[in-house]
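Asker: One structure, as structure tokens, below. Some questions next.
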Amino acid sequence: MRVTAHRPALFPILSPPAGAGQRRTITSWVRSRSAPRQVAAFGPRTERGGAPGPRVRAAGGGGAGGGRGGRRAGMRARTPRTSVKRDGGSEQRTPKKVTHMPDNPGAVLPGTAARALADELRSSLRGEVIDPGHPGYDEARRVWNGLIDRRPALIARCAGTADVVEAVRVAREHRPLVSIRGGGHQVAGSGVCDDGLVIDLSHMKGVHVDPAARTARAQAGVTWGEFDRETQLHALAAPGGEISATGIAGLTLGGGFGFVMRTFGLSCDNVRSLEIVTADGAVRAVSREEEPELFWAARGGGRGLGVVTSFEFGLHPLGPEVAGVLVLHPYERAEEVLRAWRDATYSAPETVTPELLLWSIPADPAVPRELHRSDCVMVGAVYGGPPGDAAAAALAPQRELGPPLMDLSGTVPYVALQSANTWRFPDGERYFMKSHFMDELSDEAIKTLVEWHSRRPTPESLIVVRTLGGAVARVAPDDSAFAHRSARYNVSVDAGWRDPALDGTAIGWARSAWDALRPFSSGGTYVNFAGLGEDADELRGAVFGPHRERLERTRAAYDPEGLFAPAAGRP
Ligand SMILES: Cc1cc2nc3c(=O)[nH]c(=O)nc-3n(C[C@H](O)[C@H](O)[C@H](O)COP(=O)(O)OP(=O)(O)OC[C@H]3O[C@@H](n4cnc5c(N)ncnc54)[C@H](O)[C@@H]3O)c2cc1C
């Protein structure tokens, strides 16, 4: 049966490849439970998931690690606080590890020092300097994850590289705790800190595309949605993340998984050069030729080296339409679908990047009510080339994994694909993500995945299996600091919820699921999905593996006094 869809909410309605049928059409609509009903529209979701729950103060910020030297007189060492949350007047104690950042060295900026620093910054910055008395302070300190509620002493909202140089100079002189904010999307909220200085790049939004050279230079406050919008004017793309609101900076510096990574590599693999302000205040142009060690480190190990102000990406011809698969399978067949999907990934060509999500169908008025919020298996894949017969043939095995609930495969504008799921991760709700790399997805691992998914605390929580390999694996292991080239899969456990009362339950579920999957892990974790308040030393080992020592040497060479050590010590 064919039904016409109007606007996508669940995911873009992918119309069939050119010539294979009508555009914007659901190509098949097979339902296992009752007679098929028309899906008139996965209408655009207007509300963004409701207001965030009451914001709670992030617990403590004290602890050890990372604080090499550099505290000046007038600074005091942070003492760990008890994690107390206030929810509607009642006090609720939560385990400290929930929101605590134990690897935060915590140089607290007392009022007088903060005022001196603010005065100095105000006299030298073109951008705004925001302190707790500023009317925009609460908005400026907010990050995407509503679980995070930090109160920096100052936010230096930089307008350009010169502002960053000034902010770094002042930081070097006064030695506050420093955090660097790009898009503000890291689950751990590491772009903001308590009582310290935030070097905020989120208003640095320049993007310049050179279509002839197939490159784009973008400043560090740009999000992937903003970047794609510019590059797609020329039907060019650099592989970015799967959510358009995510910052290009944090994502690229940690590696960068996306819908076309098997074809074009990680985001960091497409960086040609970058500009960084290091702890000495120098503005460095970094590439394979210039500062090659920094270039090596910045691609996958880019936190804690300095402040990256812009990236130059190589671009690939892609879009404006791309072909993809999105098939929803009934949850009852989850294990069977996962096994078949795994087998299909073995023979997937590099042009195809498969992904599988154990999730739920949103309560969208356009979806048959009986399917609302029901668990399902989503099989997705994108073809990294032009839509057409070759794309359809390469994608076909991803569509043929048994009778689906719905098959939404077809073509879609690349920019729509890149933002299709953004609304499902609204700003201000509460999140926690952790991941494992895996070399194999054994039947036992699949069983464990499904078992833990079925225990998830909220319909917003999901488990995602991404397929690596292809162009990701072709890059030599020592080419960059990204340490997991050979892994075949990344499995992330993503808890999402609204009610602060669920903090312990939701984070507990994600941690327990992650623990249960540990026996199947190849031993590594992805810095961009690295939880919150994890043990910093263990995390560095899991994230950087064999590259850790070299990375630490590089960081020490460019930041001998550890100005950016806090950023290096946590995701
Ligand atoms: C909803 C959602 C979806 C996601 N999807 C994907 C995905 O598809 N693929 C993927 O790979 N990841 C994904 N991520 C993870 C994402 O890559 C990380 O959260 C990343 O850190 C986001 O970058 P940001 O600039 O927005 O973060 P921020 O929170 O601003 O930055 C994170 C950290 O990066 C460092 N940093 C940021 N900017 C700079 C800079 N200019 N110079 C130096 N250091 C800097 C700082 O240490 C900072 O604390 C997703 C995250 C979310 C929340």
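Within each chain, counting starts at residue 1; across the structure tokens, chains are named A, B, ... in the order shown, with ligands numbered 1 upward in that order.
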What residues of the protein or nucleic acid chains come within 6 Å of ligand 1 when you use only C-alpha atoms and all ligand atoms? Reply as a PyMOL selection string.
Answerer: chain A and resi 180-187+189-191+220+241-243+246-251+256-258+303+306-309+425+528-529+567
Asker: If you keep C-alpha atoms, can you produce a file of those selected residues as an mmCIF file, in the first residue's frame?
Answerer:
```cif
data_model
loop_
_atom_site.group_PDB
_atom_site.id
_atom_site.type_symbol
_atom_site.label_atom_id
_atom_site.label_comp_id
_atom_site.auth_asym_id
_atom_site.auth_seq_id
_atom_site.Cartn_x
_atom_site.Cartn_y
_atom_site.Cartn_z
ATOM 1 C CA ILE A 180 35.753 25.814 26.677
ATOM 2 C CA ARG A 181 32.325 25.869 25.114
ATOM 3 C CA GLY A 182 31.616 25.120 21.481
ATOM 4 C CA GLY A 183 28.083 23.925 20.750
ATOM 5 C CA GLY A 184 27.436 23.061 24.420
ATOM 6 C CA HIS A 185 26.221 19.565 23.584
ATOM 7 C CA GLN A 186 28.567 17.326 25.521
ATOM 8 C CA VAL A 187 26.457 15.203 27.858
ATOM 9 C CA GLY A 189 28.273 19.617 30.278
ATOM 10 C CA SER A 190 32.021 20.104 30.218
ATOM 11 C CA GLY A 191 31.662 23.333 28.232
ATOM 12 C CA ALA A 220 34.182 26.945 16.394
ATOM 13 C CA GLY A 241 27.079 14.269 13.459
ATOM 14 C CA GLU A 242 23.531 12.978 13.303
ATOM 15 C CA ILE A 243 21.943 15.831 15.244
ATOM 16 C CA THR A 246 25.536 19.599 17.913
ATOM 17 C CA GLY A 247 28.644 21.774 17.710
ATOM 18 C CA ILE A 248 31.213 21.048 15.024
ATOM 19 C CA ALA A 249 33.982 21.740 17.554
ATOM 20 C CA GLY A 250 33.515 19.206 20.334
ATOM 21 C CA LEU A 251 32.284 16.559 17.904
ATOM 22 C CA GLY A 256 32.907 12.489 14.809
ATOM 23 C CA PHE A 257 30.493 9.695 13.873
ATOM 24 C CA GLY A 258 27.891 10.415 11.230
ATOM 25 C CA ARG A 303 40.302 18.424 24.246
ATOM 26 C CA GLY A 306 44.145 24.899 23.583
ATOM 27 C CA VAL A 307 41.151 26.744 22.157
ATOM 28 C CA VAL A 308 40.386 25.845 18.562
ATOM 29 C CA THR A 309 38.923 28.881 16.848
ATOM 30 C CA PHE A 425 16.691 15.424 21.767
ATOM 31 C CA ASN A 528 31.926 12.016 22.746
ATOM 32 C CA PHE A 529 29.631 9.454 24.429
ATOM 33 C CA ALA A 567 39.326 19.909 29.625
#
```
Asker: List every residue of segment 295-360 of chain A that has an atom at most 8 Å from any atom of segment 448-468 of chain A, and for each one report the closest atom pair and its distance in Å to one decimal, counting only C-alpha atoms, with rows sorted by chain and then by increasing residue number, as a tab-separated table.
Answerer:
```
residue	atom	partner	partner_atom	distance
A:Ala334	CA	A:Val450	CA	6.9
A:Glu335	CA	A:Val450	CA	6.8
A:Thr345	CA	A:Thr467	CA	7.4
A:Thr353	CA	A:Thr467	CA	6.5
A:Pro354	CA	A:Thr467	CA	5.8
A:Glu355	CA	A:Arg466	CA	4.7
A:Leu356	CA	A:Val465	CA	5.2
A:Leu357	CA	A:Val464	CA	4.5
A:Leu358	CA	A:Ile463	CA	5.3
A:Trp359	CA	A:Leu462	CA	4.9
A:Ser360	CA	A:Pro459	CA	5.9
```
Asker: Quick one: write out the picked residues with C-alpha atoms as a PDB file, in the first residue's frame?
Answerer:
```
ATOM      1  CA  ALA A 334      14.285  -7.529  17.937  1.00  0.00           C
ATOM      2  CA  GLU A 335      16.891 -10.247  18.380  1.00  0.00           C
ATOM      3  CA  THR A 345      26.722  -5.221   7.867  1.00  0.00           C
ATOM      4  CA  THR A 353      26.735   3.318   6.596  1.00  0.00           C
ATOM      5  CA  PRO A 354      24.282   1.123   8.504  1.00  0.00           C
ATOM      6  CA  GLU A 355      22.911   1.914  11.930  1.00  0.00           C
ATOM      7  CA  LEU A 356      20.373   0.225  14.190  1.00  0.00           C
ATOM      8  CA  LEU A 357      18.385   1.788  16.987  1.00  0.00           C
ATOM      9  CA  LEU A 358      16.304   0.120  19.662  1.00  0.00           C
ATOM     10  CA  TRP A 359      13.906   2.915  20.419  1.00  0.00           C
ATOM     11  CA  SER A 360      10.242   3.867  20.402  1.00  0.00           C
TER      12      SER A 360
END
```
Asker: Hey, what's within 9 Å of Gly301 of chain A if we count only C-alpha atoms and toss same-chain stuff fewer than 4 positions away? As a PyMOL selection string, please?
Answerer: chain A and resi 253-255+296-297+305+480-483+527+543-544+547-548+551+568
Asker: Produce a file of the selected residues containing C-alpha atoms, as an mmCIF file, in the first residue's frame.
Answerer:
```cif
data_model
loop_
_atom_site.group_PDB
_atom_site.id
_atom_site.type_symbol
_atom_site.label_atom_id
_atom_site.label_comp_id
_atom_site.auth_asym_id
_atom_site.auth_seq_id
_atom_site.Cartn_x
_atom_site.Cartn_y
_atom_site.Cartn_z
ATOM 1 C CA LEU A 253 37.855 17.165 18.277
ATOM 2 C CA GLY A 254 36.598 13.848 19.684
ATOM 3 C CA GLY A 255 36.365 12.064 16.302
ATOM 4 C CA TRP A 296 47.741 14.542 15.102
ATOM 5 C CA ALA A 297 46.418 15.189 18.625
ATOM 6 C CA LEU A 305 45.287 21.303 23.803
ATOM 7 C CA SER A 480 45.458 10.675 14.430
ATOM 8 C CA ALA A 481 44.766 10.397 18.145
ATOM 9 C CA PHE A 482 41.441 8.643 17.492
ATOM 10 C CA ALA A 483 42.225 5.197 18.857
ATOM 11 C CA VAL A 527 35.012 10.367 24.216
ATOM 12 C CA VAL A 543 39.320 6.620 25.151
ATOM 13 C CA PHE A 544 42.896 6.993 24.005
ATOM 14 C CA HIS A 547 47.764 6.912 22.045
ATOM 15 C CA ARG A 548 47.447 8.111 25.579
ATOM 16 C CA LEU A 551 48.772 12.641 23.628
ATOM 17 C CA ALA A 568 41.838 17.168 28.986
#
```
Asker: At most 12 Å is the cut-off: for each residue in segment 99-207 of chain A with any atom that close to an atom of segment 501-525 of chain A, write down the nearest atom pair and the distance in Å rounded to one decimal, counting only C-alpha atoms, chain first then increasing number, as JSON lines.
Answerer:
```
{"residue": "A:Thr99", "atom": "CA", "partner": "A:Asp503", "partner_atom": "CA", "distance": 9.6}
{"residue": "A:Gly146", "atom": "CA", "partner": "A:Asp503", "partner_atom": "CA", "distance": 10.8}
{"residue": "A:Leu147", "atom": "CA", "partner": "A:Asp503", "partner_atom": "CA", "distance": 8.2}
{"residue": "A:Ile148", "atom": "CA", "partner": "A:Asp503", "partner_atom": "CA", "distance": 11.5}
{"residue": "A:Val187", "atom": "CA", "partner": "A:Ile507", "partner_atom": "CA", "distance": 11.9}
```
Asker: Write a file of the selected residues as a PDB file, in the first residue's frame, keeping N, CA and C atoms.
Answerer:
```
ATOM      1  N   THR A  99      26.229  13.732  39.129  1.00  0.00           N
ATOM      2  CA  THR A  99      26.490  14.978  38.428  1.00  0.00           C
ATOM      3  C   THR A  99      27.851  15.566  38.766  1.00  0.00           C
ATOM      4  N   GLY A 146      19.864  19.190  30.497  1.00  0.00           N
ATOM      5  CA  GLY A 146      19.204  19.832  31.631  1.00  0.00           C
ATOM      6  C   GLY A 146      19.682  19.318  32.978  1.00  0.00           C
ATOM      7  N   LEU A 147      20.445  18.252  32.955  1.00  0.00           N
ATOM      8  CA  LEU A 147      20.998  17.712  34.199  1.00  0.00           C
ATOM      9  C   LEU A 147      22.113  18.610  34.740  1.00  0.00           C
ATOM     10  N   ILE A 148      22.650  19.408  33.866  1.00  0.00           N
ATOM     11  CA  ILE A 148      23.810  20.234  34.227  1.00  0.00           C
ATOM     12  C   ILE A 148      23.334  21.623  34.625  1.00  0.00           C
ATOM     13  N   VAL A 187      27.360  15.655  26.797  1.00  0.00           N
ATOM     14  CA  VAL A 187      26.457  15.203  27.858  1.00  0.00           C
ATOM     15  C   VAL A 187      26.966  15.627  29.233  1.00  0.00           C
TER      16      VAL A 187
END
```
Asker: Let's see if you can do this: from backbone DSSP, list all strand (DSSP E) residues in segment 462-527 of chain A, as a ChimeraX atom specification.
Answerer: /A:462-467,489-497
